[in-house]
Structures are given as structure tokens and as C-alpha cells.
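K.L.:
Have a peek at model_22.txt (compact mmCIF, C-alpha atoms and all ligand atoms).
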```txt
# COMPACT_ATOMS: atom_id res chain seq x y z
CA MET A 1 3.42 26.75 -4.37
CA ASP A 2 1.09 25.56 -1.61
CA THR A 3 2.70 23.06 0.75
CA ILE A 4 0.97 21.28 3.62
CA ILE A 5 3.40 20.56 6.44
CA LEU A 6 2.70 18.29 9.38
CA GLN A 7 4.52 20.42 11.97
CA GLU A 8 3.94 18.02 14.86
CA PRO A 9 1.38 15.36 15.75
CA GLY A 10 -2.11 16.79 15.26
CA ARG A 11 -1.01 20.04 13.58
CA PHE A 12 -0.89 20.59 9.83
CA GLU A 13 0.08 23.98 8.46
CA MET A 14 -0.55 25.36 4.99
CA THR A 15 2.42 27.36 3.77
CA ARG A 16 3.68 28.96 0.59
CA ARG A 17 7.03 27.71 -0.58
CA GLU A 18 9.03 28.70 -3.59
CA ASP A 19 8.43 26.50 -6.63
CA PRO A 20 11.23 24.00 -7.22
CA PRO A 21 13.64 24.88 -10.05
CA ARG A 22 12.25 24.34 -13.54
CA GLU A 23 15.38 22.37 -14.43
CA PRO A 24 15.55 19.33 -12.11
CA PRO A 25 18.91 17.69 -11.24
CA PRO A 26 20.26 15.04 -13.66
CA GLY A 27 18.19 11.83 -13.66
CA HIS A 28 15.18 13.63 -12.22
CA ALA A 29 11.87 15.08 -13.34
CA LEU A 30 9.83 17.98 -12.05
CA VAL A 31 6.21 16.88 -11.70
CA LYS A 32 2.95 18.58 -10.83
CA VAL A 33 1.05 16.74 -8.09
CA HIS A 34 -2.59 16.12 -9.02
CA THR A 35 -3.79 13.67 -6.38
CA VAL A 36 -2.52 12.40 -3.05
CA GLY A 37 -3.97 9.29 -1.41
CA ILE A 38 -4.11 9.10 2.38
CA CYS A 39 -3.20 5.86 4.13
CA GLY A 40 -2.47 4.28 7.49
CA THR A 41 1.05 5.71 7.61
CA ASP A 42 -0.39 9.23 7.32
CA TRP A 43 -2.98 8.59 10.05
CA HIS A 44 -0.26 7.22 12.34
CA ALA A 45 2.03 10.17 11.64
CA TYR A 46 -0.80 12.60 12.41
CA ARG A 47 -1.56 10.86 15.68
CA GLY A 48 2.13 10.66 16.61
CA LYS A 49 2.00 6.86 16.50
CA GLN A 50 4.38 6.19 13.60
CA PRO A 51 7.63 4.66 14.89
CA PHE A 52 10.85 6.47 13.85
CA PHE A 53 8.88 9.36 12.37
CA THR A 54 10.34 12.88 12.61
CA TYR A 55 8.58 16.25 12.37
CA PRO A 56 8.09 18.58 10.60
CA ARG A 57 7.29 16.51 7.53
CA VAL A 58 5.41 16.97 4.24
CA LEU A 59 3.32 13.79 3.97
CA GLY A 60 2.11 12.15 0.77
CA HIS A 61 3.49 8.97 -0.76
CA GLU A 62 0.51 7.84 -2.88
CA LEU A 63 0.76 10.20 -5.81
CA GLY A 64 -0.85 10.80 -9.18
CA VAL A 65 1.35 13.31 -11.02
CA GLU A 66 1.98 14.99 -14.37
CA VAL A 67 5.44 15.55 -15.82
CA VAL A 68 6.46 19.20 -16.19
CA SER A 69 10.13 18.85 -17.21
CA VAL A 70 12.69 16.08 -17.47
CA ASN A 71 16.48 16.16 -17.13
CA ASP A 72 17.41 12.66 -18.22
CA PRO A 73 18.47 11.75 -21.77
CA THR A 74 17.96 8.04 -21.00
CA SER A 75 14.26 8.54 -20.14
CA ASP A 76 11.43 8.70 -22.68
CA LEU A 77 9.20 10.66 -20.30
CA LYS A 78 7.95 13.93 -21.66
CA ARG A 79 5.97 16.96 -20.54
CA GLY A 80 2.31 16.11 -19.93
CA ASP A 81 2.83 12.42 -19.20
CA LYS A 82 0.63 11.17 -16.34
CA CYS A 83 2.40 8.88 -13.89
CA ALA A 84 2.16 6.94 -10.67
CA VAL A 85 5.10 7.52 -8.34
CA GLU A 86 7.05 4.70 -6.76
CA PRO A 87 7.90 6.49 -3.52
CA TYR A 88 10.64 4.10 -2.36
CA LEU A 89 13.91 5.91 -2.99
CA ASN A 90 16.66 3.29 -2.86
CA CYS A 91 20.42 3.73 -2.79
CA GLY A 92 21.30 1.53 -5.78
CA ARG A 93 24.48 0.31 -4.07
CA CYS A 94 23.53 -1.97 -1.16
CA ILE A 95 23.21 -5.74 -1.41
CA ALA A 96 19.42 -5.58 -1.71
CA CYS A 97 19.60 -3.02 -4.55
CA ARG A 98 22.32 -4.96 -6.36
CA ARG A 99 20.04 -8.00 -6.32
CA GLY A 100 16.99 -6.13 -7.60
CA ARG A 101 15.31 -5.89 -4.21
CA SER A 102 14.96 -2.10 -4.15
CA ASN A 103 11.83 -2.38 -1.94
CA CYS A 104 13.96 -3.39 1.06
CA CYS A 105 17.08 -1.29 0.33
CA ALA A 106 19.29 -1.00 3.39
CA ASN A 107 19.21 2.79 3.01
CA LEU A 108 15.60 3.14 1.92
CA ARG A 109 13.98 6.58 2.12
CA VAL A 110 10.27 6.73 1.46
CA LEU A 111 8.81 9.95 0.08
CA GLY A 112 6.39 11.46 2.58
CA VAL A 113 7.77 9.32 5.41
CA HIS A 114 11.54 9.71 5.75
CA ILE A 115 11.80 12.70 3.40
CA ASP A 116 9.24 15.28 2.26
CA GLY A 117 6.50 13.88 0.06
CA GLY A 118 3.79 15.03 -2.27
CA MET A 119 1.45 17.25 -0.24
CA GLN A 120 2.64 20.18 -2.33
CA GLN A 121 1.88 21.38 -5.81
CA PHE A 122 5.22 20.34 -7.34
CA ILE A 123 7.87 17.78 -6.44
CA ILE A 124 11.12 16.53 -7.97
CA VAL A 125 11.50 12.76 -8.30
CA PRO A 126 13.98 10.40 -10.02
CA THR A 127 12.73 9.52 -13.51
CA ASN A 128 13.02 5.78 -12.81
CA LYS A 129 10.41 6.17 -10.04
CA LEU A 130 7.75 7.41 -12.46
CA HIS A 131 5.40 4.84 -13.99
CA ARG A 132 3.42 6.24 -16.88
CA SER A 133 -0.10 5.41 -17.98
CA GLU A 134 -2.06 6.95 -20.83
CA ARG A 135 -5.38 5.68 -19.49
CA LEU A 136 -5.46 5.92 -15.70
CA SER A 137 -7.03 8.93 -13.98
CA PRO A 138 -4.99 10.91 -11.42
CA GLU A 139 -6.92 9.17 -8.62
CA GLN A 140 -6.23 5.74 -10.10
CA LEU A 141 -2.56 6.67 -10.42
CA ALA A 142 -2.47 7.67 -6.74
CA LEU A 143 -4.07 4.33 -5.88
CA VAL A 144 -1.31 2.33 -7.60
CA GLU A 145 0.99 2.55 -4.57
CA THR A 146 -1.76 1.25 -2.26
CA LEU A 147 -2.40 -1.65 -4.60
CA GLY A 148 1.36 -2.19 -4.78
CA ILE A 149 1.39 -3.43 -1.19
CA GLY A 150 -1.09 -6.19 -2.01
CA CYS A 151 0.36 -6.97 -5.42
CA HIS A 152 3.79 -7.50 -3.89
CA ALA A 153 2.40 -9.65 -1.05
CA ALA A 154 0.54 -11.87 -3.51
CA GLY A 155 3.73 -12.09 -5.56
CA ARG A 156 5.74 -13.11 -2.51
CA ALA A 157 3.32 -15.98 -1.92
CA GLY A 158 3.91 -17.33 -5.45
CA ILE A 159 0.29 -18.43 -5.77
CA GLU A 160 -0.46 -21.34 -8.10
CA LYS A 161 -3.75 -21.56 -9.97
CA GLY A 162 -6.46 -23.19 -7.87
CA GLU A 163 -4.65 -22.83 -4.55
CA THR A 164 -6.70 -21.98 -1.50
CA VAL A 165 -5.47 -18.66 -0.13
CA LEU A 166 -6.62 -17.27 3.21
CA VAL A 167 -6.32 -13.51 3.64
CA ILE A 168 -6.70 -12.39 7.24
CA GLY A 169 -7.71 -8.77 7.71
CA ALA A 170 -9.95 -6.94 5.24
CA GLY A 171 -8.68 -3.41 5.82
CA PRO A 172 -7.01 -1.51 2.97
CA ILE A 173 -3.93 -3.77 2.96
CA GLY A 174 -5.90 -7.02 2.92
CA LEU A 175 -8.24 -5.63 0.27
CA SER A 176 -5.25 -4.66 -1.87
CA VAL A 177 -4.12 -8.30 -1.87
CA LEU A 178 -7.42 -9.70 -3.18
CA PRO A 179 -7.46 -8.67 -6.87
CA PHE A 180 -3.89 -9.88 -7.44
CA ALA A 181 -4.38 -13.19 -5.64
CA ALA A 182 -7.57 -13.63 -7.68
CA ALA A 183 -5.71 -12.79 -10.91
CA ASP A 184 -3.17 -15.49 -10.00
CA GLY A 185 -6.03 -18.00 -9.79
CA ALA A 186 -6.44 -18.24 -6.02
CA ARG A 187 -9.56 -19.60 -4.39
CA LEU A 188 -9.95 -16.85 -1.83
CA ILE A 189 -11.13 -17.05 1.74
CA VAL A 190 -11.16 -13.79 3.69
CA ALA A 191 -11.33 -13.59 7.48
CA ASP A 192 -12.05 -10.45 9.47
CA VAL A 193 -13.66 -9.46 12.77
CA SER A 194 -15.93 -6.94 11.05
CA GLU A 195 -19.06 -8.15 9.24
CA SER A 196 -19.33 -4.90 7.28
CA ARG A 197 -15.80 -5.33 5.94
CA LEU A 198 -16.57 -8.92 4.96
CA GLU A 199 -19.72 -7.77 3.22
CA PHE A 200 -17.65 -5.21 1.30
CA CYS A 201 -15.35 -8.06 0.18
CA ARG A 202 -18.25 -10.18 -1.02
CA LYS A 203 -19.65 -7.26 -2.99
CA THR A 204 -16.46 -5.98 -4.57
CA ALA A 205 -13.94 -8.82 -4.82
CA ARG A 206 -13.89 -12.31 -6.30
CA VAL A 207 -14.00 -14.04 -2.94
CA GLU A 208 -15.22 -17.59 -2.54
CA HIS A 209 -15.85 -17.47 1.22
CA THR A 210 -15.71 -14.96 4.03
CA ILE A 211 -15.37 -16.09 7.62
CA ASP A 212 -15.80 -14.42 10.97
CA ALA A 213 -12.43 -14.15 12.71
CA ARG A 214 -14.15 -13.82 16.10
CA GLN A 215 -15.30 -17.45 15.73
CA ASP A 216 -12.98 -20.45 15.72
CA LEU A 217 -10.97 -20.15 12.49
CA LEU A 218 -9.55 -23.67 12.68
CA SER A 219 -12.93 -25.43 12.52
CA GLN A 220 -14.31 -23.03 9.89
CA LEU A 221 -11.28 -23.62 7.64
CA GLN A 222 -11.41 -27.35 8.28
CA GLN A 223 -14.94 -27.38 6.96
CA LEU A 224 -14.39 -25.07 4.00
CA THR A 225 -11.29 -26.88 2.76
CA ASP A 226 -12.40 -30.43 3.49
CA ASN A 227 -9.66 -30.74 6.11
CA ASP A 228 -6.89 -29.62 3.71
CA PHE A 229 -6.44 -26.08 5.09
CA PRO A 230 -5.12 -23.18 3.00
CA THR A 231 -1.70 -23.63 1.41
CA VAL A 232 -1.15 -19.86 1.49
CA ILE A 233 -2.05 -17.49 4.31
CA ILE A 234 -1.51 -13.75 3.91
CA ASP A 235 -1.86 -11.94 7.23
CA ALA A 236 -2.73 -8.27 6.84
CA THR A 237 -3.76 -7.58 10.42
CA GLY A 238 -0.55 -6.41 12.06
CA ASN A 239 -1.94 -8.20 15.10
CA ALA A 240 0.52 -10.48 16.92
CA ALA A 241 -2.11 -13.00 18.06
CA SER A 242 -3.48 -13.31 14.53
CA MET A 243 -0.02 -13.68 13.04
CA GLN A 244 0.92 -16.32 15.58
CA LYS A 245 -2.29 -18.23 14.90
CA THR A 246 -1.46 -18.60 11.18
CA PHE A 247 1.08 -21.31 12.09
CA GLU A 248 -1.85 -23.45 13.28
CA LEU A 249 -4.05 -22.70 10.26
CA ILE A 250 -1.60 -23.37 7.42
CA ALA A 251 -1.56 -26.62 5.45
CA PRO A 252 1.59 -28.74 5.64
CA GLY A 253 4.06 -27.41 3.07
CA GLY A 254 2.28 -24.05 3.00
CA ARG A 255 3.52 -20.46 2.87
CA ILE A 256 2.71 -17.67 5.30
CA VAL A 257 3.16 -14.04 4.27
CA PHE A 258 3.18 -11.27 6.86
CA VAL A 259 2.25 -8.08 5.03
CA GLY A 260 0.84 -6.35 8.12
CA LEU A 261 3.48 -5.17 10.56
CA PHE A 262 3.38 -5.74 14.31
CA PRO A 263 5.83 -3.49 16.20
CA GLY A 264 7.18 -6.18 18.52
CA GLU A 265 7.95 -9.87 18.85
CA VAL A 266 5.95 -12.61 17.16
CA THR A 267 6.86 -16.13 18.28
CA PHE A 268 6.13 -19.59 16.92
CA ASN A 269 6.53 -23.16 17.99
CA ASP A 270 9.51 -24.65 16.18
CA PRO A 271 8.41 -28.32 16.15
CA ASN A 272 5.15 -27.24 14.48
CA PHE A 273 7.09 -25.05 12.02
CA HIS A 274 9.29 -28.02 11.13
CA LYS A 275 6.56 -30.62 11.07
CA ARG A 276 4.62 -28.64 8.47
CA GLU A 277 7.78 -27.39 6.72
CA ILE A 278 6.28 -23.92 6.65
CA THR A 279 7.75 -21.14 4.51
CA LEU A 280 7.49 -17.79 6.29
CA LEU A 281 7.81 -14.60 4.24
CA ALA A 282 7.68 -10.89 4.99
CA SER A 283 6.36 -8.51 2.37
CA ARG A 284 7.51 -4.91 2.36
CA ASN A 285 6.57 -2.09 -0.02
CA ALA A 286 6.62 -3.06 -3.71
CA LEU A 287 8.93 -3.41 -6.70
CA PRO A 288 8.97 -1.52 -10.01
CA GLY A 289 7.51 -4.63 -11.67
CA ASP A 290 4.55 -4.48 -9.28
CA PHE A 291 3.81 -0.91 -10.38
CA ARG A 292 3.91 -1.93 -14.04
CA ARG A 293 1.69 -4.98 -13.41
CA ILE A 294 -0.90 -2.94 -11.50
CA ILE A 295 -1.12 -0.25 -14.18
CA LYS A 296 -1.66 -2.93 -16.81
CA LEU A 297 -4.34 -4.75 -14.77
CA VAL A 298 -6.20 -1.51 -14.01
CA GLU A 299 -5.97 -0.45 -17.67
CA ASP A 300 -7.41 -3.73 -18.93
CA GLY A 301 -10.15 -3.77 -16.28
CA THR A 302 -8.95 -6.84 -14.35
CA VAL A 303 -8.61 -4.65 -11.26
CA ASP A 304 -11.62 -2.45 -10.61
CA THR A 305 -10.65 0.66 -8.66
CA ARG A 306 -14.19 2.04 -8.35
CA PRO A 307 -15.04 0.64 -4.90
CA TRP A 308 -11.84 2.04 -3.41
CA ILE A 309 -12.23 5.78 -3.20
CA THR A 310 -14.71 6.69 -0.48
CA HIS A 311 -13.70 10.27 0.43
CA ARG A 312 -12.39 13.29 -1.45
CA ALA A 313 -11.22 16.82 -0.65
CA ALA A 314 -9.41 19.70 -2.30
CA HIS A 315 -6.03 20.48 -0.80
CA HIS A 316 -7.16 23.72 0.86
CA GLN A 317 -9.84 21.72 2.74
CA LEU A 318 -7.46 19.07 4.04
CA ILE A 319 -6.47 20.62 7.37
CA GLU A 320 -10.09 21.01 8.41
CA ILE A 321 -11.31 17.68 7.09
CA PHE A 322 -8.43 15.39 8.11
CA PRO A 323 -9.50 14.90 11.77
CA GLN A 324 -13.04 14.04 10.59
CA TRP A 325 -11.65 11.33 8.32
CA LEU A 326 -9.93 9.81 11.36
CA ALA A 327 -13.21 9.10 13.15
CA PRO A 328 -14.05 5.38 12.97
CA ASP A 329 -17.63 6.10 11.89
CA ALA A 330 -16.33 8.06 8.88
CA ASN A 331 -15.66 4.62 7.35
CA VAL A 332 -12.80 5.83 5.20
CA LEU A 333 -11.34 3.17 2.94
CA LYS A 334 -9.32 5.53 0.75
CA ALA A 335 -9.40 9.31 0.90
CA MET A 336 -7.98 11.36 -1.95
CA VAL A 337 -6.73 14.93 -1.82
CA ARG A 338 -6.74 16.94 -5.02
CA PHE A 339 -4.08 19.56 -5.65
CA ASP A 340 -5.01 22.11 -8.33
ZN ZN B 401 0.34 4.17 1.72
ZN ZN B 402 20.07 0.03 -1.50
```
Using C-alpha cells, write down the structure that the file contains.

P.N.:
Amino acid sequence: MDTIILQEPGRFEMTRREDPPREPPPGHALVKVHTVGICGTDWHAYRGKQPFFTYPRVLGHELGVEVVSVNDPTSDLKRGDKCAVEPYLNCGRCIACRRGRSNCCANLRVLGVHIDGGMQQFIIVPTNKLHRSERLSPEQLALVETLGIGCHAAGRAGIEKGETVLVIGAGPIGLSVLPFAAADGARLIVADVSESRLEFCRKTARVEHTIDARQDLLSQLQQLTDNDFPTVIIDATGNAASMQKTFELIAPGGRIVFVGLFPGEVTFNDPNFHKREITLLASRNALPGDFRRIIKLVEDGTVDTRPWITHRAAHHQLIEIFPQWLAPDANVLKAMVRFD
């Protein structure tokens, strides 16, 4: 089978590897990879900017697949089933796993990050990491993991109907939050430094207001919320200054969710934190329930995936095209690679 290996930063290599065994180990399924979505993690790995990343590595953690064979009597998956893959392989034994928090397992290994992923024609995965849909296309199935980040972040916030929710950062992560916050009944305000991203939000998402993050956010929010301020802020910037600022923008009693990751220290003023009795939450990866919710919401049309996919390539074109996708003026929101 064709396998694309990232040998070192900046250098992919297409190789032929032997197909995996037809009979997967107990509890696993052999699947054919149809579509692989490319995301920030992959860009960072290619540029050598992903912390704790080791090479060589087969990338690919956003996968639309088809079941070839199953070795698990407890699973009802069968040959031909189309599935999204939950790429977060958890240990099942640690305290997080025992409490149903498999997304932050102490021994987490993510396909395509810590271990080889789906940039190959076949891959073996645990059956409980496959989420079937009879209606989603391979590209939609590959998009489920992307949406999972936002679905989980919205879930962490525990949004009540009619709450004002500020999402800061309208890149792929921020955008993935919007449909789920909207489905929960949020009144959405989106802030970003890029007018074209804000315009994209207004066109494609149910957003009440967009605001320019280069201008003073405090006064803009004061005006838009009649001095109440948002009771939920979801920061998807990964920018320390932005994350720190959320403590000034949140309503008393509000919740702040950091779904973007800043690789360093973020500090806050404790008297302000206390005065407002702020709840601060991190959001990492997603849970099996998020995958099931997303598939249902895409199937019933609540979440429209059409605006998402901006670039496509066949797998044998990837090595040539990948650096072009990296250019800022390529305006890639989500690129999909097709494996035939
Ligand atoms: Zn991703
Ligand atoms: Zn665990």
C-alpha cells in the first residue's frame, strides 16, 4: 500500500509498505482510508514547530474510512461500513479513563501525532474508535474530528439557551465551536483580527455580531451586551495576551474556556478572578459522545459542512501540493487528501 511518511521537517516521502494483515488483532478493525483532513497539527509537524513531535511519522488524524474486516464479536461493525475515526487512543486504566474522560487520558496516544496515522491506504484501529454513519460522505467523516474540537469546547462551557457567548479567534478551531454553541442556543459574538474571517463567519454561521479584535474589545462588548458582558468566553486563539484579556471581558459568574493552546505561561489577577467568581476550563480533544453528536447534527442538517472544505488533492499529489497549501494567501480552511 502507498504510505506517505514525514521523514523530517519539510520532507515527505511516498513509500510502498506491505498491507496490514487481513485479520486485525482482537478488538480491532482493518479499515481502508478514503479521506484525510489536514489541520494545524500537521502544518506544525511539517514545519518542525510541533512540541514533543518525533520523526519519522505517518501523519493523518482526521479520517474518513471504510471497514474491511473486523475481529471483535462485541462490535456490530461490518465490512463496507463508513466511519469517522476517533484518533485518541486511550489506555482504559488511568484515573481519567476510569472516569470517562478518555480525551485527557494520562497515557494518551493520538493517531498521526504520537503514533502513525492515516496517510496510508489501510490502517488498523480499535473498533470502539470507529463511529459509523450511513449518510455522511468520506470528506464529512474526515471533518468530524475537526468539529469534535469545537463540539467538546462548547460542551465544556455548558451553554444555556439565550446566553451570550463570545468566541475569540475565527480560525478552524473557533469556527468549529460556532455550530455547536448555536445549537445549544447561544447568542454568538465572534471576535477576530481578520475582517475576511469575520465576513466568513457572518456568511456561514448563525452569528449575531462580529467584532474587530484590533479595536477595544471591552467597549465593544459593553455596548453589544448593554453592559452585561458575555457569560461564556471561548478563546480559540492560542495567544497568551488574548487569553489573559478574557478575565477582563467575562461577566461576573461567567465561564472561560481555553480551547486554543499557548505553549507557555498564562497569568491572571487573583482578586479579579475571585471578585467575578470565574470558572476557568481547558478543552482538549473530544469524547466519543461528541463524535456521535456531530454525526447526528451533520446528518440532520443542523451543521452544514459545505463551507468547510476549501482545498482538495489526491494522495499522489500531496507531496508537491502541501507546501503551496502552507502559504498564507492560499487561504486554506480545510484541505482534504483522497486516498484511492
Ligand atoms: Zn486536527
Ligand atoms: Zn487512560

K.L.:
Quick one: residues within 9 Å of ligand ZN 402 (chain B), with all atoms listed in the file, as a list in words?

P.N.:
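These are the residues that qualify: Leu89, Asn90, Cys91, Gly92, Arg93, Cys94, Ile95, Ala96, Cys97, Arg98, Arg101, Ser102, Asn103, Cys104, Cys105, Ala106, Asn107 and Leu108 of chain A.
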
K.L.:
Give the residue list for ligand ZN 401 (chain B) at 8 Å, counting only C-alpha atoms and all ligand atoms, as a list in words, sorted by chain and then by residue number.

P.N.:
Gly37, Ile38, Cys39, Gly40, Thr41, Asp42, His61, Glu62, Glu145 and Thr146 of chain A

K.L.:
For Ile4 in chain A, which residue among A:Glu66, A:Glu163, A:Asp116, A:Asp270 is the nearest when counting only C-alpha atoms?

P.N.:
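The answer is A:Asp116, which sits nearest to Ile4 in chain A.
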
K.L.:
So that I can check the surroundings of Val113 in chain A, please list as a list in words every protein, DNA and RNA residue that reaches within 10 Å of it, counting all atoms listed in the file and ignoring chain neighbours fewer than 6 positions away.

P.N.:
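Returned residues: Thr41, Asp42, Ala45, Gln50, Phe52, Phe53, Thr54, Tyr55, Arg57, Val58, Leu59, Gly60, His61, Pro87 and Tyr88 of chain A.
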
K.L.:
Near Gly64 in chain A, counting only C-alpha atoms, which residues have an atom at most 9 Å away, once you skip same-chain residues fewer than 5 positions from it, shown as a PyMOL selection string?

P.N.:
chain A and resi 32-37+82-85+137-144
